[in-house]
file data25.pdb (PDB, C-alpha atoms)
ATOM      1  CA  MET W   1      53.249 -14.510 -10.536
ATOM      2  CA  LYS W   2      54.221 -11.022  -9.392
ATOM      3  CA  CYS W   3      53.303  -9.446  -6.083
ATOM      4  CA  ASN W   4      53.890  -6.173  -4.331
ATOM      5  CA  SER W   5      55.722  -8.061  -1.590
ATOM      6  CA  VAL W   6      58.962  -8.864  -3.472
ATOM      7  CA  MET W   7      61.874  -8.893  -1.010
ATOM      8  CA  LEU W   8      64.545 -11.002  -2.725
ATOM      9  CA  GLU W   9      66.022 -10.934  -6.213
ATOM     10  CA  ASN W  10      66.559 -14.687  -6.533
ATOM     11  CA  ARG W  11      67.935 -17.699  -4.671
ATOM     12  CA  GLU W  12      71.501 -16.404  -4.921
ATOM     13  CA  ASP W  13      70.454 -13.148  -3.271
ATOM     14  CA  ALA W  14      68.601 -15.104  -0.567
ATOM     15  CA  ALA W  15      71.700 -17.210   0.123
ATOM     16  CA  ALA W  16      73.910 -14.123   0.363
ATOM     17  CA  ARG W  17      71.579 -12.618   2.974
ATOM     18  CA  LEU W  18      71.358 -15.870   4.898
ATOM     19  CA  LYS W  19      75.155 -16.016   5.047
ATOM     20  CA  ASP W  20      75.050 -12.802   7.093
ATOM     21  CA  ILE W  21      72.885 -14.617   9.658
ATOM     22  CA  ILE W  22      74.272 -18.164   9.655
ATOM     23  CA  PRO W  23      77.572 -18.549  11.589
ATOM     24  CA  MET W  24      79.442 -19.619   8.452
ATOM     25  CA  GLN W  25      82.775 -20.175  10.182
ATOM     26  CA  GLN W  26      81.113 -22.487  12.682
ATOM     27  CA  MET W  27      79.317 -24.242   9.833
ATOM     28  CA  LYS W  28      82.650 -24.915   8.118
ATOM     29  CA  SER W  29      84.629 -25.906  11.218
ATOM     30  CA  GLU W  30      81.932 -28.237  12.548
ATOM     31  CA  ASP W  31      81.306 -29.716   9.097
ATOM     32  CA  TRP W  32      77.543 -29.254   9.094
ATOM     33  CA  LYS W  33      75.585 -31.534   6.760
ATOM     34  CA  VAL W  34      73.214 -29.487   4.598
ATOM     35  CA  ILE W  35      69.912 -31.118   3.615
ATOM     36  CA  ALA W  36      67.627 -29.487   1.042
ATOM     37  CA  LEU W  37      63.890 -30.113   1.266
ATOM     38  CA  SER W  38      62.925 -29.123  -2.297
ATOM     39  CA  SER W  39      64.549 -28.612  -5.681
ATOM     40  CA  GLY W  40      64.585 -24.841  -5.089
ATOM     41  CA  GLY W  41      66.004 -25.481  -1.638
ATOM     42  CA  LEU W  42      68.755 -27.533  -3.265
ATOM     43  CA  VAL W  43      69.809 -24.579  -5.429
ATOM     44  CA  LEU W  44      69.731 -22.327  -2.363
ATOM     45  CA  ALA W  45      71.811 -24.865  -0.433
ATOM     46  CA  SER W  46      74.340 -24.999  -3.272
ATOM     47  CA  TYR W  47      74.922 -21.261  -2.902
ATOM     48  CA  LEU W  48      75.258 -21.623   0.884
ATOM     49  CA  THR W  49      77.839 -24.396   0.556
ATOM     50  CA  ASN W  50      79.709 -22.799  -2.343
ATOM     51  CA  LYS W  51      83.450 -22.662  -1.637
ATOM     52  CA  THR W  52      83.036 -24.847   1.450
ATOM     53  CA  GLN W  53      83.631 -28.554   2.025
ATOM     54  CA  ASN W  54      80.195 -29.064   3.583
ATOM     55  CA  LYS W  55      78.331 -32.025   2.100
ATOM     56  CA  MET W  56      74.873 -31.408   0.663
ATOM     57  CA  ASP W  57      72.002 -33.805   0.045
ATOM     58  CA  PHE W  58      68.313 -33.793  -0.891
ATOM     59  CA  LEU W  59      65.597 -35.298   1.322
ATOM     60  CA  PHE W  60      63.069 -36.644  -1.159
ATOM     61  CA  SER W  61      59.409 -36.606  -0.169
ATOM     62  CA  ALA W  62      55.940 -36.712  -1.712
ATOM     63  CA  SER W  63      52.578 -35.118  -0.960
ATOM     64  CA  ILE W  64      49.519 -37.095   0.024
ATOM     65  CA  TYR W  65      46.325 -35.402  -1.109
ATOM     66  CA  ALA W  66      42.747 -35.608   0.071
ATOM     67  CA  PRO W  67      40.643 -38.137  -1.884
ATOM     68  CA  ASN W  68      39.251 -36.528  -5.057
ATOM     69  CA  ASN W  69      41.159 -33.285  -4.389
ATOM     70  CA  GLU W  70      44.710 -33.171  -5.723
ATOM     71  CA  GLU W  71      45.216 -29.592  -4.562
ATOM     72  CA  CYS W  72      44.701 -30.251  -0.860
ATOM     73  CA  GLU W  73      47.792 -31.755   0.810
ATOM     74  CA  VAL W  74      46.745 -33.612   3.971
ATOM     75  CA  ALA W  75      50.039 -35.403   4.691
ATOM     76  CA  ARG W  76      53.569 -35.929   3.410
ATOM     77  CA  VAL W  77      55.911 -38.929   3.367
ATOM     78  CA  SER W  78      59.718 -38.914   3.232
ATOM     79  CA  GLU W  79      62.132 -41.349   1.627
ATOM     80  CA  THR W  80      62.649 -43.030   5.017
ATOM     81  CA  GLU W  81      58.847 -43.490   5.206
ATOM     82  CA  GLU W  82      58.381 -40.983   8.007
ATOM     83  CA  ILE W  83      54.958 -39.332   7.721
ATOM     84  CA  VAL W  84      53.628 -35.950   8.823
ATOM     85  CA  ILE W  85      49.839 -35.601   8.897
ATOM     86  CA  ASN W  86      47.761 -32.425   8.970
ATOM     87  CA  GLU W  87      45.430 -33.659  11.701
ATOM     88  CA  GLU W  88      43.053 -30.718  11.320
ATOM     89  CA  LEU W  89      42.460 -31.336   7.606
ATOM     90  CA  VAL W  90      42.243 -35.105   8.015
ATOM     91  CA  GLY W  91      39.656 -34.651  10.744
ATOM     92  CA  SER W  92      37.616 -32.048   8.880
ATOM     93  CA  PHE W  93      37.467 -34.196   5.726
ATOM     94  CA  GLY W  94      36.829 -37.394   7.671
ATOM     95  CA  ILE W  95      39.773 -39.140   6.004
ATOM     96  CA  GLU W  96      40.641 -42.612   7.272
ATOM     97  CA  TYR W  97      44.208 -43.153   8.479
ATOM     98  CA  ASP W  98      44.349 -46.373   6.477
ATOM     99  CA  TYR W  99      44.027 -44.195   3.383
ATOM    100  CA  ILE W 100      46.909 -41.970   4.528
ATOM    101  CA  TYR W 101      49.223 -44.910   5.250
ATOM    102  CA  GLY W 102      48.246 -46.684   2.056
ATOM    103  CA  GLU W 103      48.923 -43.590  -0.028
ATOM    104  CA  ALA W 104      52.204 -43.020   1.813
ATOM    105  CA  HIS W 105      53.398 -46.510   0.907
ATOM    106  CA  ARG W 106      52.261 -46.123  -2.700
ATOM    107  CA  LYS W 107      53.939 -42.726  -3.115
ATOM    108  CA  HIS W 108      57.122 -44.084  -1.560
ATOM    109  CA  GLU W 109      57.237 -47.064  -3.914
ATOM    110  CA  ASP W 110      56.052 -45.310  -7.078
ATOM    111  CA  LYS W 111      57.666 -41.877  -6.796
ATOM    112  CA  ILE W 112      60.278 -41.495  -4.088
ATOM    113  CA  LEU W 113      62.272 -44.623  -4.901
ATOM    114  CA  SER W 114      62.435 -43.555  -8.553
ATOM    115  CA  TYR W 115      63.803 -40.174  -7.424
ATOM    116  CA  THR W 116      66.554 -41.771  -5.357
ATOM    117  CA  TYR W 117      67.573 -44.041  -8.219
ATOM    118  CA  ARG W 118      67.579 -41.225 -10.737
ATOM    119  CA  TYR W 119      69.286 -38.528  -8.704
ATOM    120  CA  ARG W 120      71.397 -40.542  -6.236
ATOM    121  CA  LYS W 121      71.867 -43.753  -8.191
ATOM    122  CA  GLY W 122      69.975 -45.570  -5.438
ATOM    123  CA  ARG W 123      72.111 -44.583  -2.475
ATOM    124  CA  GLN W 124      70.390 -43.653   0.773
ATOM    125  CA  LEU W 125      70.347 -40.232   2.397
ATOM    126  CA  MET W 126      73.783 -39.477   3.861
ATOM    127  CA  PRO W 127      74.370 -40.719   7.453
ATOM    128  CA  LEU W 128      73.469 -38.015   9.987
ATOM    129  CA  ARG W 129      74.055 -39.707  13.332
ATOM    130  CA  ASP W 130      75.938 -37.339  15.689
ATOM    131  CA  LYS W 131      76.163 -34.717  12.922
ATOM    132  CA  VAL W 132      75.053 -31.086  12.935
ATOM    133  CA  VAL W 133      72.358 -30.811  10.265
ATOM    134  CA  LEU W 134      71.099 -27.702   8.477
ATOM    135  CA  LEU W 135      67.694 -28.082   6.792
ATOM    136  CA  VAL W 136      67.263 -25.643   3.902
ATOM    137  CA  ASP W 137      64.339 -24.466   1.792
ATOM    138  CA  GLU W 138      63.543 -21.296  -0.137
ATOM    139  CA  GLY W 139      60.312 -20.627   1.767
ATOM    140  CA  SER W 140      57.377 -22.394   3.383
ATOM    141  CA  GLU W 141      53.639 -22.046   2.948
ATOM    142  CA  THR W 142      52.527 -24.626   5.522
ATOM    143  CA  GLY W 143      55.681 -25.821   7.270
ATOM    144  CA  CYS W 144      54.902 -29.406   6.254
ATOM    145  CA  LYS W 145      58.252 -30.030   4.534
ATOM    146  CA  PHE W 146      60.165 -28.664   7.516
ATOM    147  CA  MET W 147      58.102 -30.731   9.955
ATOM    148  CA  LEU W 148      58.781 -33.828   7.874
ATOM    149  CA  GLY W 149      62.455 -32.917   7.542
ATOM    150  CA  LEU W 150      62.766 -32.537  11.302
ATOM    151  CA  LYS W 151      60.967 -35.813  11.990
ATOM    152  CA  THR W 152      63.084 -37.693   9.451
ATOM    153  CA  VAL W 153      66.415 -36.252  10.567
ATOM    154  CA  LEU W 154      65.722 -36.529  14.307
ATOM    155  CA  ALA W 155      65.023 -40.238  13.833
ATOM    156  CA  MET W 156      68.616 -40.509  12.537
ATOM    157  CA  GLN W 157      69.966 -39.229  15.883
ATOM    158  CA  PRO W 158      71.884 -36.076  14.854
ATOM    159  CA  LYS W 159      73.857 -33.931  17.261
ATOM    160  CA  ALA W 160      71.766 -30.849  16.412
ATOM    161  CA  VAL W 161      69.301 -29.712  13.752
ATOM    162  CA  TYR W 162      69.144 -26.141  12.444
ATOM    163  CA  ILE W 163      66.872 -24.585   9.840
ATOM    164  CA  ALA W 164      67.748 -21.981   7.208
ATOM    165  CA  VAL W 165      64.878 -20.334   5.335
ATOM    166  CA  PRO W 166      64.883 -16.813   3.834
ATOM    167  CA  ILE W 167      61.195 -16.104   4.406
ATOM    168  CA  VAL W 168      58.716 -17.936   6.596
ATOM    169  CA  PRO W 169      55.164 -17.435   7.884
ATOM    170  CA  LYS W 170      55.122 -16.315  11.523
ATOM    171  CA  ALA W 171      52.784 -19.175  12.436
ATOM    172  CA  VAL W 172      55.151 -21.727  10.891
ATOM    173  CA  LEU W 173      58.135 -20.158  12.625
ATOM    174  CA  GLU W 174      56.380 -20.423  15.976
ATOM    175  CA  ALA W 175      55.563 -24.075  15.317
ATOM    176  CA  LEU W 176      59.133 -24.939  14.307
ATOM    177  CA  GLU W 177      60.999 -23.067  17.051
ATOM    178  CA  PRO W 178      60.427 -25.646  19.827
ATOM    179  CA  LEU W 179      61.617 -28.468  17.543
ATOM    180  CA  ALA W 180      64.796 -27.042  15.978
ATOM    181  CA  ASP W 181      67.999 -26.070  17.792
ATOM    182  CA  ASN W 182      68.089 -22.783  15.880
ATOM    183  CA  ILE W 183      66.326 -21.159  12.940
ATOM    184  CA  PHE W 184      68.122 -18.755  10.612
ATOM    185  CA  TYR W 185      65.688 -16.593   8.645
ATOM    186  CA  ILE W 186      65.568 -13.172   6.998
ATOM    187  CA  GLN W 187      61.958 -12.272   7.635
ATOM    188  CA  ALA W 188      58.868 -13.820   9.237
ATOM    189  CA  ILE W 189      55.658 -12.754   7.503
ATOM    190  CA  GLU W 190      52.248 -12.450   9.151
ATOM    191  CA  ASP W 191      50.018 -12.901   6.093
ATOM    192  CA  TYR W 192      52.110 -15.226   3.952
ATOM    193  CA  VAL W 193      50.837 -15.681   0.394
ATOM    194  CA  GLN W 194      53.079 -17.901  -1.772
ATOM    195  CA  THR W 195      56.843 -18.235  -1.675
ATOM    196  CA  LYS W 196      57.192 -17.045  -5.283
ATOM    197  CA  CYS W 197      55.566 -13.755  -4.280
ATOM    198  CA  TYR W 198      58.649 -12.770  -2.292
ATOM    199  CA  TYR W 199      61.193 -13.333  -5.075
ATOM    200  CA  GLU W 200      61.702 -11.290  -8.230
ATOM    201  CA  ASP W 201      62.976 -14.402 -10.016
ATOM    202  CA  LEU W 202      62.224 -17.949  -8.893
ATOM    203  CA  ASP W 203      62.722 -20.187 -11.912
ATOM    204  CA  ASP W 204      61.773 -23.856 -11.948
ATOM    205  CA  VAL W 205      64.672 -26.238 -11.330
ATOM    206  CA  ASP W 206      65.148 -28.843 -14.057
ATOM    207  CA  ASN W 207      66.134 -32.472 -13.527
ATOM    208  CA  GLU W 208      69.622 -32.000 -14.962
ATOM    209  CA  THR W 209      70.374 -29.273 -12.410
ATOM    210  CA  ILE W 210      69.329 -31.533  -9.529
ATOM    211  CA  GLU W 211      71.556 -34.359 -10.804
ATOM    212  CA  LYS W 212      74.499 -32.024 -11.281
ATOM    213  CA  LEU W 213      74.225 -30.395  -7.861
ATOM    214  CA  LEU W 214      73.955 -33.699  -6.029
ATOM    215  CA  GLY W 215      76.831 -35.126  -8.039
ATOM    216  CA  ASP W 216      79.105 -32.114  -7.486
ATOM    217  CA  LYS W 217      78.667 -32.116  -3.711
ATOM    218  CA  ASN W 218      78.859 -35.874  -3.183
TER     219      ASN W 218
END
call {"tool": "encode", "arguments": {"input": "data25.pdb", "output": "structure tokens"}}
result
Amino acid sequence: MKCNSVMLENREDAAARLKDIIPMQQMKSEDWKVIALSSGGLVLASYLTNKTQNKMDFLFSASIYAPNNEECEVARVSETEEIVINEELVGSFGIEYDYIYGEAHRKHEDKILSYTYRYRKGRQLMPLRDKVVLLVDEGSETGCKFMLGLKTVLAMQPKAVYIAVPIVPKAVLEALEPLADNIFYIQAIEDYVQTKCYYEDLDDVDNETIEKLLGDKN
């Protein structure tokens, strides 16, 4: 998909621009833990942590869709079984919360656990208590992954939680600002379309790349 709104060449270009905004020396000296929220975010995080000793990990999660509509995400569950619910959509569709929690448990058992065994050999997300955490993704349509990332990480009692995202909708930025200690971004966009619209090249990330990146940094 091509748009007239292209701002970034690729994930490597996005990382290079973010490095001009993120206090990289502080990141290295304080040993920030970098947590990617998607496979594309993992590649972006690998460029951010390149030539540093900062550990990187992937927070696995799964979408929960409205009944009979697998294009409408109404909630999301993380590997620690934290859940973020789009209350507006759930209310407008009249979806029962029992359905949300049931789907969350099913997705956790059927999908997320298989991800952790495949990509992390079953180990849990790295310990984050009293650590400075940087959540990373390549963009955000709804903010759901960042909301879930914040909820999951904050439950682990970190010292601070920052966000790094090259492009972000203004509405999502405003929603995240009260919850994160700082947000590093290149541009906030009023009428956000799709993340891929703002990159010249945003290739899919294959399974082998995810395994390699997690193995190299851990």
call {"tool": "atom_distance", "arguments": {"input": "data25.pdb", "atom1": "CA of Glu81 in chain W", "atom2": "CA of Thr152 in chain W"}}
result
8.3 Å
call {"tool": "closest_residue", "arguments": {"input": "data25.pdb", "among": "W:Ile210, W:Val205, W:Val43, W:Leu173", "to": "Arg120 in chain W", "atoms": "only C-alpha atoms"}}
result
W:Ile210
call {"tool": "atom_distance", "arguments": {"input": "data25.pdb", "atom1": "CA of Asn68 in chain W", "atom2": "CA of His105 in chain W"}}
result
18.3 Å
call {"tool": "resolve_selection", "arguments": {"input": "data25.pdb", "expression": "the PyMOL selection byres ((chain W and resi 20-37) around 9)", "output": "ChimeraX atom specification"}}
result
/W:15-19,38-45,48-49,52-61,126,128,131-138,145-146,149,164,184-186
call {"tool": "write_last_selection", "arguments": {"input": "data25.pdb", "atoms": "C-alpha atoms", "output": "short mmCIF file (atom, residue, chain, number, x, y, z; two decimals), in the coordinates of the input"}}
result
data_model
loop_
_atom_site.label_atom_id
_atom_site.label_comp_id
_atom_site.auth_asym_id
_atom_site.auth_seq_id
_atom_site.Cartn_x
_atom_site.Cartn_y
_atom_site.Cartn_z
CA ALA W 15 71.70 -17.21 0.12
CA ALA W 16 73.91 -14.12 0.36
CA ARG W 17 71.58 -12.62 2.97
CA LEU W 18 71.36 -15.87 4.90
CA LYS W 19 75.16 -16.02 5.05
CA SER W 38 62.92 -29.12 -2.30
CA SER W 39 64.55 -28.61 -5.68
CA GLY W 40 64.58 -24.84 -5.09
CA GLY W 41 66.00 -25.48 -1.64
CA LEU W 42 68.76 -27.53 -3.26
CA VAL W 43 69.81 -24.58 -5.43
CA LEU W 44 69.73 -22.33 -2.36
CA ALA W 45 71.81 -24.86 -0.43
CA LEU W 48 75.26 -21.62 0.88
CA THR W 49 77.84 -24.40 0.56
CA THR W 52 83.04 -24.85 1.45
CA GLN W 53 83.63 -28.55 2.02
CA ASN W 54 80.19 -29.06 3.58
CA LYS W 55 78.33 -32.02 2.10
CA MET W 56 74.87 -31.41 0.66
CA ASP W 57 72.00 -33.80 0.04
CA PHE W 58 68.31 -33.79 -0.89
CA LEU W 59 65.60 -35.30 1.32
CA PHE W 60 63.07 -36.64 -1.16
CA SER W 61 59.41 -36.61 -0.17
CA MET W 126 73.78 -39.48 3.86
CA LEU W 128 73.47 -38.02 9.99
CA LYS W 131 76.16 -34.72 12.92
CA VAL W 132 75.05 -31.09 12.94
CA VAL W 133 72.36 -30.81 10.26
CA LEU W 134 71.10 -27.70 8.48
CA LEU W 135 67.69 -28.08 6.79
CA VAL W 136 67.26 -25.64 3.90
CA ASP W 137 64.34 -24.47 1.79
CA GLU W 138 63.54 -21.30 -0.14
CA LYS W 145 58.25 -30.03 4.53
CA PHE W 146 60.16 -28.66 7.52
CA GLY W 149 62.46 -32.92 7.54
CA ALA W 164 67.75 -21.98 7.21
CA PHE W 184 68.12 -18.76 10.61
CA TYR W 185 65.69 -16.59 8.64
CA ILE W 186 65.57 -13.17 7.00
#
call {"tool": "closest_residue", "arguments": {"input": "data25.pdb", "among": "W:Ser78, W:Thr195, W:Asn182, W:Asn86", "to": "Val161 in chain W", "atoms": "all atoms listed in the file"}}
result
W:Asn182
call {"tool": "atom_distance", "arguments": {"input": "data25.pdb", "atom1": "CA of Ile163 in chain W", "atom2": "CA of Arg11 in chain W"}}
result
16.1 Å
call {"tool": "axis_aligned_box", "arguments": {"input": "data25.pdb", "around": "range 84-103 of chain W", "padding_each_side": "8 Å", "output": "JSON"}}
result
{"center_x": 45.2, "center_y": -38.7, "center_z": 5.8, "size_x": 32.8, "size_y": 32.0, "size_z": 27.7}
call {"tool": "resolve_selection", "arguments": {"input": "data25.pdb", "expression": "the PyMOL selection byres ((chain W and resi 10) around 9)", "output": "PyMOL selection string"}}
result
chain W and resi 8-9+11-15+199-203
call {"tool": "residues_around", "arguments": {"input": "data25.pdb", "residues": "Arg129 in chain W", "least_positions_apart": "4", "cutoff": "9 Å", "atoms": "only C-alpha atoms", "output": "short mmCIF file (atom, residue, chain, number, x, y, z; two decimals) with C-alpha atoms, in the frame of the given file"}}
result
data_model
loop_
_atom_site.label_atom_id
_atom_site.label_comp_id
_atom_site.auth_asym_id
_atom_site.auth_seq_id
_atom_site.Cartn_x
_atom_site.Cartn_y
_atom_site.Cartn_z
CA VAL W 153 66.42 -36.25 10.57
CA LEU W 154 65.72 -36.53 14.31
CA MET W 156 68.62 -40.51 12.54
CA GLN W 157 69.97 -39.23 15.88
CA PRO W 158 71.88 -36.08 14.85
CA LYS W 159 73.86 -33.93 17.26
#
call {"tool": "closest_residue", "arguments": {"input": "data25.pdb", "among": "W:Leu179, W:Val74, W:Leu214, W:Ser140", "to": "Pro166 in chain W", "atoms": "only C-alpha atoms"}}
result
W:Ser140
call {"tool": "closest_residue", "arguments": {"input": "data25.pdb", "among": "W:Leu113, W:Tyr97, W:Arg106, W:Tyr119", "to": "Asp206 in chain W", "atoms": "only C-alpha atoms"}}
result
W:Tyr119
